[in-house]
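Data block below; observations after.
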Amino acid sequence: MTQHTNLADIDGMNGFERALKRGGDFLFALNLLIILSPVFLVIFLIQKISSPGPAIYSQERIGKGGKPFMIYKFRTMVVDAEKDGTPLLEQSDDPRLTTFGKSLRRRHLDELPQIWNVLKGDMSFVGYRPERKFFIDQIMEINPDYQLLYLTSPGVTSMATVHNGYTDTMDKMLKRLEMDLEYLRHRSLLLDIKIILQTLFNI
């Protein structure tokens with residue numbers, strides 16, 4: 001078990017930078033929700049026409065302080081994607097994807113509703129990707145340093161998202177954790193901007 005329990009011991013940002021990061025997240029999210037509202041409306045309407053079920057779905061994830069919150073996404077899968085109740089890892093070309101869902105997933109447009117999570121303070125634009133407790137428990141059996149991520153807010157995008165792609169295996173999850181911890185130790189406002197630009201370029 002790691003001995004680090006204080007954010008100042010491992011965080012590349014100081015308190016002032018963290019405050020600026022949160023303020024920037026709030027203002028950026030507020031403006032994006034206004035600017036992208038026509039895009040939200042178009043996606044919502046196509047979802048309702050092309051596939052039965054809700055256009056937006058919510059799922060419990062674990063965030064800052066190890067506390068659960070509801071993450072929001074445009075639905076990309078069939079309604080009964082996990083009908084037996086067992087959580088399954090998402091894949092880049094998942095057979096459970098709807099036709100429109102594949103298009104959304106390919107362009108990462110399914111993530112847009114998470115801007116609301118950022119506005120609420122559940123998430124940041126850049127941070128570790130929040131995971132479900134079912135998978136976190138498995139990760140922590142191998143590497144308990146996952147608990148260090150709880151010191152900060154999860155993100156819509158991350159260094160691991162840019163470089164590691166979809167985490168459809170446990171090996172990729174462990175690799176993602178290593179990259180998330182590396183980001184935490186060396187993060188800065190400049191690095192956040194770089195990751196956001198890389199994410200937009202990939203999209």
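Within each chain, counting starts at residue 1; across the structure tokens, chains are named A, B, ... in the order shown, with ligands numbered 1 upward in that order.
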(request) Just the residues within 12 Å of A:Pro52, please, counting only C-alpha atoms, with nothing from its chain fewer than 2 positions along; format it as an NGL selection string. (result) :A and (45-50 or 54-56 or 75-80 or 98 or 100)
Saved selection, atoms kept: N, CA, C and O atoms, as a PDB file, in the first residue's frame:
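Writing done, so here's part-v4.pdb:
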ATOM      1  N   LEU A  45     -32.080  14.295 -31.564  1.00  0.00           N
ATOM      2  CA  LEU A  45     -33.163  13.958 -32.496  1.00  0.00           C
ATOM      3  C   LEU A  45     -32.830  12.719 -33.327  1.00  0.00           C
ATOM      4  O   LEU A  45     -33.682  11.846 -33.524  1.00  0.00           O
ATOM      5  N   ILE A  46     -31.582  12.628 -33.808  1.00  0.00           N
ATOM      6  CA  ILE A  46     -31.186  11.455 -34.592  1.00  0.00           C
ATOM      7  C   ILE A  46     -31.260  10.195 -33.739  1.00  0.00           C
ATOM      8  O   ILE A  46     -31.696   9.129 -34.201  1.00  0.00           O
ATOM      9  N   GLN A  47     -30.845  10.305 -32.475  1.00  0.00           N
ATOM     10  CA  GLN A  47     -30.913   9.170 -31.556  1.00  0.00           C
ATOM     11  C   GLN A  47     -32.352   8.680 -31.415  1.00  0.00           C
ATOM     12  O   GLN A  47     -32.620   7.476 -31.493  1.00  0.00           O
ATOM     13  N   LYS A  48     -33.263   9.599 -31.197  1.00  0.00           N
ATOM     14  CA  LYS A  48     -34.653   9.221 -30.967  1.00  0.00           C
ATOM     15  C   LYS A  48     -35.279   8.587 -32.211  1.00  0.00           C
ATOM     16  O   LYS A  48     -36.120   7.704 -32.110  1.00  0.00           O
ATOM     17  N   ILE A  49     -34.842   9.055 -33.395  1.00  0.00           N
ATOM     18  CA  ILE A  49     -35.392   8.538 -34.644  1.00  0.00           C
ATOM     19  C   ILE A  49     -34.782   7.187 -35.014  1.00  0.00           C
ATOM     20  O   ILE A  49     -35.472   6.290 -35.504  1.00  0.00           O
ATOM     21  N   SER A  50     -33.485   7.029 -34.786  1.00  0.00           N
ATOM     22  CA  SER A  50     -32.750   5.869 -35.303  1.00  0.00           C
ATOM     23  C   SER A  50     -32.748   4.652 -34.386  1.00  0.00           C
ATOM     24  O   SER A  50     -32.533   3.525 -34.852  1.00  0.00           O
ATOM     25  N   PRO A  54     -33.570   5.718 -24.591  1.00  0.00           N
ATOM     26  CA  PRO A  54     -33.173   7.093 -24.278  1.00  0.00           C
ATOM     27  C   PRO A  54     -31.991   7.553 -25.125  1.00  0.00           C
ATOM     28  O   PRO A  54     -31.139   6.751 -25.507  1.00  0.00           O
ATOM     29  N   ALA A  55     -31.932   8.846 -25.426  1.00  0.00           N
ATOM     30  CA  ALA A  55     -30.818   9.400 -26.198  1.00  0.00           C
ATOM     31  C   ALA A  55     -29.580   9.545 -25.330  1.00  0.00           C
ATOM     32  O   ALA A  55     -28.451   9.355 -25.789  1.00  0.00           O
ATOM     33  N   ILE A  56     -29.792   9.884 -24.056  1.00  0.00           N
ATOM     34  CA  ILE A  56     -28.684  10.044 -23.105  1.00  0.00           C
ATOM     35  C   ILE A  56     -28.840   9.011 -22.002  1.00  0.00           C
ATOM     36  O   ILE A  56     -29.944   8.749 -21.537  1.00  0.00           O
ATOM     37  N   ARG A  75     -26.147   7.753 -25.690  1.00  0.00           N
ATOM     38  CA  ARG A  75     -26.176   6.288 -25.776  1.00  0.00           C
ATOM     39  C   ARG A  75     -25.656   5.828 -27.139  1.00  0.00           C
ATOM     40  O   ARG A  75     -26.091   6.311 -28.170  1.00  0.00           O
ATOM     41  N   THR A  76     -24.723   4.885 -27.110  1.00  0.00           N
ATOM     42  CA  THR A  76     -24.161   4.340 -28.349  1.00  0.00           C
ATOM     43  C   THR A  76     -24.479   2.858 -28.524  1.00  0.00           C
ATOM     44  O   THR A  76     -24.252   2.307 -29.592  1.00  0.00           O
ATOM     45  N   MET A  77     -25.007   2.219 -27.471  1.00  0.00           N
ATOM     46  CA  MET A  77     -25.275   0.794 -27.526  1.00  0.00           C
ATOM     47  C   MET A  77     -26.775   0.509 -27.482  1.00  0.00           C
ATOM     48  O   MET A  77     -27.583   1.384 -27.155  1.00  0.00           O
ATOM     49  N   VAL A  78     -27.112  -0.738 -27.780  1.00  0.00           N
ATOM     50  CA  VAL A  78     -28.498  -1.159 -27.633  1.00  0.00           C
ATOM     51  C   VAL A  78     -28.887  -1.058 -26.166  1.00  0.00           C
ATOM     52  O   VAL A  78     -28.030  -1.083 -25.283  1.00  0.00           O
ATOM     53  N   VAL A  79     -30.177  -0.948 -25.908  1.00  0.00           N
ATOM     54  CA  VAL A  79     -30.648  -0.700 -24.543  1.00  0.00           C
ATOM     55  C   VAL A  79     -30.241  -1.806 -23.578  1.00  0.00           C
ATOM     56  O   VAL A  79     -29.879  -1.541 -22.435  1.00  0.00           O
ATOM     57  N   ASP A  80     -30.297  -3.065 -24.003  1.00  0.00           N
ATOM     58  CA  ASP A  80     -29.982  -4.185 -23.097  1.00  0.00           C
ATOM     59  C   ASP A  80     -28.548  -4.675 -23.271  1.00  0.00           C
ATOM     60  O   ASP A  80     -28.273  -5.867 -23.281  1.00  0.00           O
ATOM     61  N   THR A  98     -25.002   0.585 -31.730  1.00  0.00           N
ATOM     62  CA  THR A  98     -25.996   0.856 -32.765  1.00  0.00           C
ATOM     63  C   THR A  98     -25.277   1.474 -33.968  1.00  0.00           C
ATOM     64  O   THR A  98     -24.112   1.887 -33.864  1.00  0.00           O
ATOM     65  N   PHE A 100     -25.834   4.389 -35.473  1.00  0.00           N
ATOM     66  CA  PHE A 100     -25.499   5.784 -35.162  1.00  0.00           C
ATOM     67  C   PHE A 100     -24.496   5.847 -34.018  1.00  0.00           C
ATOM     68  O   PHE A 100     -23.635   6.730 -33.974  1.00  0.00           O
TER      69      PHE A 100
END
Write out as JSON lines a residue-level contact list of stretch 83-200 of chain A versus stretch 61-66 of chain A with cut-off 9 Å: for each qualifying residue the closest pair of atoms and the distance in Å to one decimal, counting only C-alpha atoms, rows sorted by chain and residue number upward.
{"residue": "A:Asp122", "atom": "CA", "partner": "A:Gly63", "partner_atom": "CA", "distance": 7.1}
{"residue": "A:Met123", "atom": "CA", "partner": "A:Gly63", "partner_atom": "CA", "distance": 7.7}
{"residue": "A:Pro130", "atom": "CA", "partner": "A:Arg61", "partner_atom": "CA", "distance": 5.9}
{"residue": "A:Glu131", "atom": "CA", "partner": "A:Arg61", "partner_atom": "CA", "distance": 5.4}
{"residue": "A:Arg132", "atom": "CA", "partner": "A:Arg61", "partner_atom": "CA", "distance": 4.7}
{"residue": "A:Lys133", "atom": "CA", "partner": "A:Ile62", "partner_atom": "CA", "distance": 6.5}
{"residue": "A:Ile136", "atom": "CA", "partner": "A:Ile62", "partner_atom": "CA", "distance": 8.6}
{"residue": "A:Gln147", "atom": "CA", "partner": "A:Gly66", "partner_atom": "CA", "distance": 7.8}
{"residue": "A:Leu149", "atom": "CA", "partner": "A:Lys64", "partner_atom": "CA", "distance": 7.5}
{"residue": "A:Tyr150", "atom": "CA", "partner": "A:Lys64", "partner_atom": "CA", "distance": 4.6}
{"residue": "A:Leu151", "atom": "CA", "partner": "A:Lys64", "partner_atom": "CA", "distance": 5.9}
{"residue": "A:Thr152", "atom": "CA", "partner": "A:Lys64", "partner_atom": "CA", "distance": 5.3}
{"residue": "A:Ser153", "atom": "CA", "partner": "A:Lys64", "partner_atom": "CA", "distance": 4.8}
{"residue": "A:Pro154", "atom": "CA", "partner": "A:Gly63", "partner_atom": "CA", "distance": 5.9}
Since we have the selection now, will you write its residues out, keeping C-alpha atoms, as a compact mmCIF listing (two decimals), in the first residue's frame?
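Heads up, here's the output in result-v1.txt:
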# COMPACT_ATOMS: atom_id res chain seq x y z
CA ASP A 122 -18.00 16.01 -10.86
CA MET A 123 -15.24 16.06 -13.47
CA PRO A 130 -13.52 7.60 -14.09
CA GLU A 131 -14.20 3.88 -13.86
CA ARG A 132 -16.88 1.65 -12.40
CA LYS A 133 -16.28 0.16 -8.97
CA ILE A 136 -11.61 -0.56 -9.85
CA GLN A 147 -6.41 5.17 -4.67
CA LEU A 149 -6.34 9.14 -8.22
CA TYR A 150 -9.13 9.76 -5.70
CA LEU A 151 -7.23 12.86 -4.55
CA THR A 152 -8.27 14.66 -7.75
CA SER A 153 -11.25 14.93 -10.08
CA PRO A 154 -11.60 12.57 -13.05
Would you mind listing what lies within 10 Å of A:Tyr146 as a short mmCIF file (atom, residue, chain, number, x, y, z; two decimals) with N, CA and C atoms, in the first residue's frame, with only C-alpha atoms counted and same-chain residues fewer than 4 positions away left out?
data_model
loop_
_atom_site.label_atom_id
_atom_site.label_comp_id
_atom_site.auth_asym_id
_atom_site.auth_seq_id
_atom_site.Cartn_x
_atom_site.Cartn_y
_atom_site.Cartn_z
N THR A 2 0.52 2.20 -0.81
CA THR A 2 1.33 3.41 -0.90
C THR A 2 1.28 4.22 0.38
N ILE A 136 -12.59 -1.14 -10.78
CA ILE A 136 -11.61 -0.56 -9.85
C ILE A 136 -11.16 -1.59 -8.83
N ASP A 137 -12.10 -2.37 -8.32
CA ASP A 137 -11.75 -3.40 -7.34
C ASP A 137 -10.74 -4.39 -7.91
N ILE A 139 -8.61 -3.74 -10.40
CA ILE A 139 -7.35 -3.03 -10.60
C ILE A 139 -6.58 -2.91 -9.29
N MET A 140 -7.29 -2.56 -8.22
CA MET A 140 -6.62 -2.33 -6.94
C MET A 140 -6.07 -3.61 -6.33
N GLU A 141 -6.59 -4.75 -6.72
CA GLU A 141 -6.01 -6.02 -6.27
C GLU A 141 -4.60 -6.19 -6.82
N ILE A 142 -4.34 -5.59 -7.97
CA ILE A 142 -3.02 -5.68 -8.60
C ILE A 142 -2.16 -4.47 -8.27
N TYR A 150 -7.99 9.21 -6.43
CA TYR A 150 -9.13 9.76 -5.70
C TYR A 150 -8.84 11.15 -5.12
N LEU A 174 -4.36 -1.33 -16.54
CA LEU A 174 -3.18 -1.14 -15.70
C LEU A 174 -2.20 -0.17 -16.34
N LEU A 177 -3.56 3.24 -15.78
CA LEU A 177 -3.29 3.69 -14.42
C LEU A 177 -1.88 4.27 -14.32
N GLU A 178 -0.90 3.60 -14.90
CA GLU A 178 0.48 4.10 -14.88
C GLU A 178 0.56 5.48 -15.51
N ASP A 180 -1.97 7.63 -15.87
CA ASP A 180 -2.72 8.58 -15.04
C ASP A 180 -1.88 9.06 -13.85
N LEU A 181 -1.14 8.15 -13.24
CA LEU A 181 -0.29 8.53 -12.11
C LEU A 181 0.87 9.40 -12.57
#
May I have all residues of chain A that DSSP, computed from the backbone, assigns to strand (DSSP E), given as a PDB file with C-alpha atoms, in the first residue's frame?
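So selection-v5.pdb came out as:
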ATOM      1  CA  ILE A  56     -28.684  10.044 -23.105  1.00  0.00           C
ATOM      2  CA  TYR A  57     -27.821   7.453 -20.517  1.00  0.00           C
ATOM      3  CA  SER A  58     -26.224   7.740 -17.101  1.00  0.00           C
ATOM      4  CA  GLN A  59     -23.959   5.311 -15.320  1.00  0.00           C
ATOM      5  CA  GLU A  60     -22.410   5.322 -11.868  1.00  0.00           C
ATOM      6  CA  ARG A  61     -18.673   5.983 -11.786  1.00  0.00           C
ATOM      7  CA  ILE A  62     -16.240   6.637  -8.953  1.00  0.00           C
ATOM      8  CA  PRO A  68     -19.796   7.744  -6.772  1.00  0.00           C
ATOM      9  CA  PHE A  69     -21.394  10.101  -9.253  1.00  0.00           C
ATOM     10  CA  MET A  70     -23.511   9.708 -12.374  1.00  0.00           C
ATOM     11  CA  ILE A  71     -21.666  10.204 -15.645  1.00  0.00           C
ATOM     12  CA  TYR A  72     -23.654  11.232 -18.730  1.00  0.00           C
ATOM     13  CA  LYS A  73     -23.126  10.143 -22.339  1.00  0.00           C
ATOM     14  CA  PHE A  74     -25.062   9.917 -25.546  1.00  0.00           C
ATOM     15  CA  SER A 124     -12.532  18.189 -15.040  1.00  0.00           C
ATOM     16  CA  PHE A 125     -11.772  18.442 -18.746  1.00  0.00           C
ATOM     17  CA  VAL A 126      -8.424  16.729 -18.135  1.00  0.00           C
ATOM     18  CA  GLY A 155     -11.532  13.981 -16.560  1.00  0.00           C
ATOM     19  CA  VAL A 156     -13.352  13.922 -19.885  1.00  0.00           C
ATOM     20  CA  THR A 157     -10.010  13.252 -21.550  1.00  0.00           C
TER      21      THR A 157
END
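Look at A:Asn31: the protein and nucleic acid residues within 12 Å of it, using only C-alpha atoms and passing over chain neighbours fewer than 6 places away, are Gly24, Asp25, Ser37, Ile115, Trp116, Val118 and Leu119 of chain A.
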(request) Mind listing the helix (DSSP H, G or I) residues of chain A, per DSSP on the backbone, as number ranges by chain? (result) A: 7-10, 15-35, 37-50, 64-66, 99-106, 109-111, 114-120, 133-142, 144-151, 159-164, 170-186, 189-202
(message) Need the shell around A:Arg187: protein/DNA/RNA residues with any atom at most 7 Å away, counting only C-alpha atoms. Skip same-chain ones fewer than 4 positions apart. Format as a ChimeraX atom specification?
(response) /A:12-13,183,191
(request) List the neighbours of A:Asp11 out to 8 Å using only C-alpha atoms; skip same-chain residues closer than 6 positions along the sequence, and give me the result as a list in words. (result)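 Non-adjacent residues within range: Leu184, Arg185, His186 and Arg187 of chain A.
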Dump C-alpha atoms for the selected residues as a tab-separated table (two decimals), in the first residue's frame?
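Written output follows (result.tsv):
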chain	number	residue	atom	x	y	z
A	184	LEU	CA	-0.79	13.47	-11.73
A	185	ARG	CA	2.87	13.82	-10.73
A	186	HIS	CA	3.76	16.12	-13.61
A	187	ARG	CA	0.50	17.86	-14.49
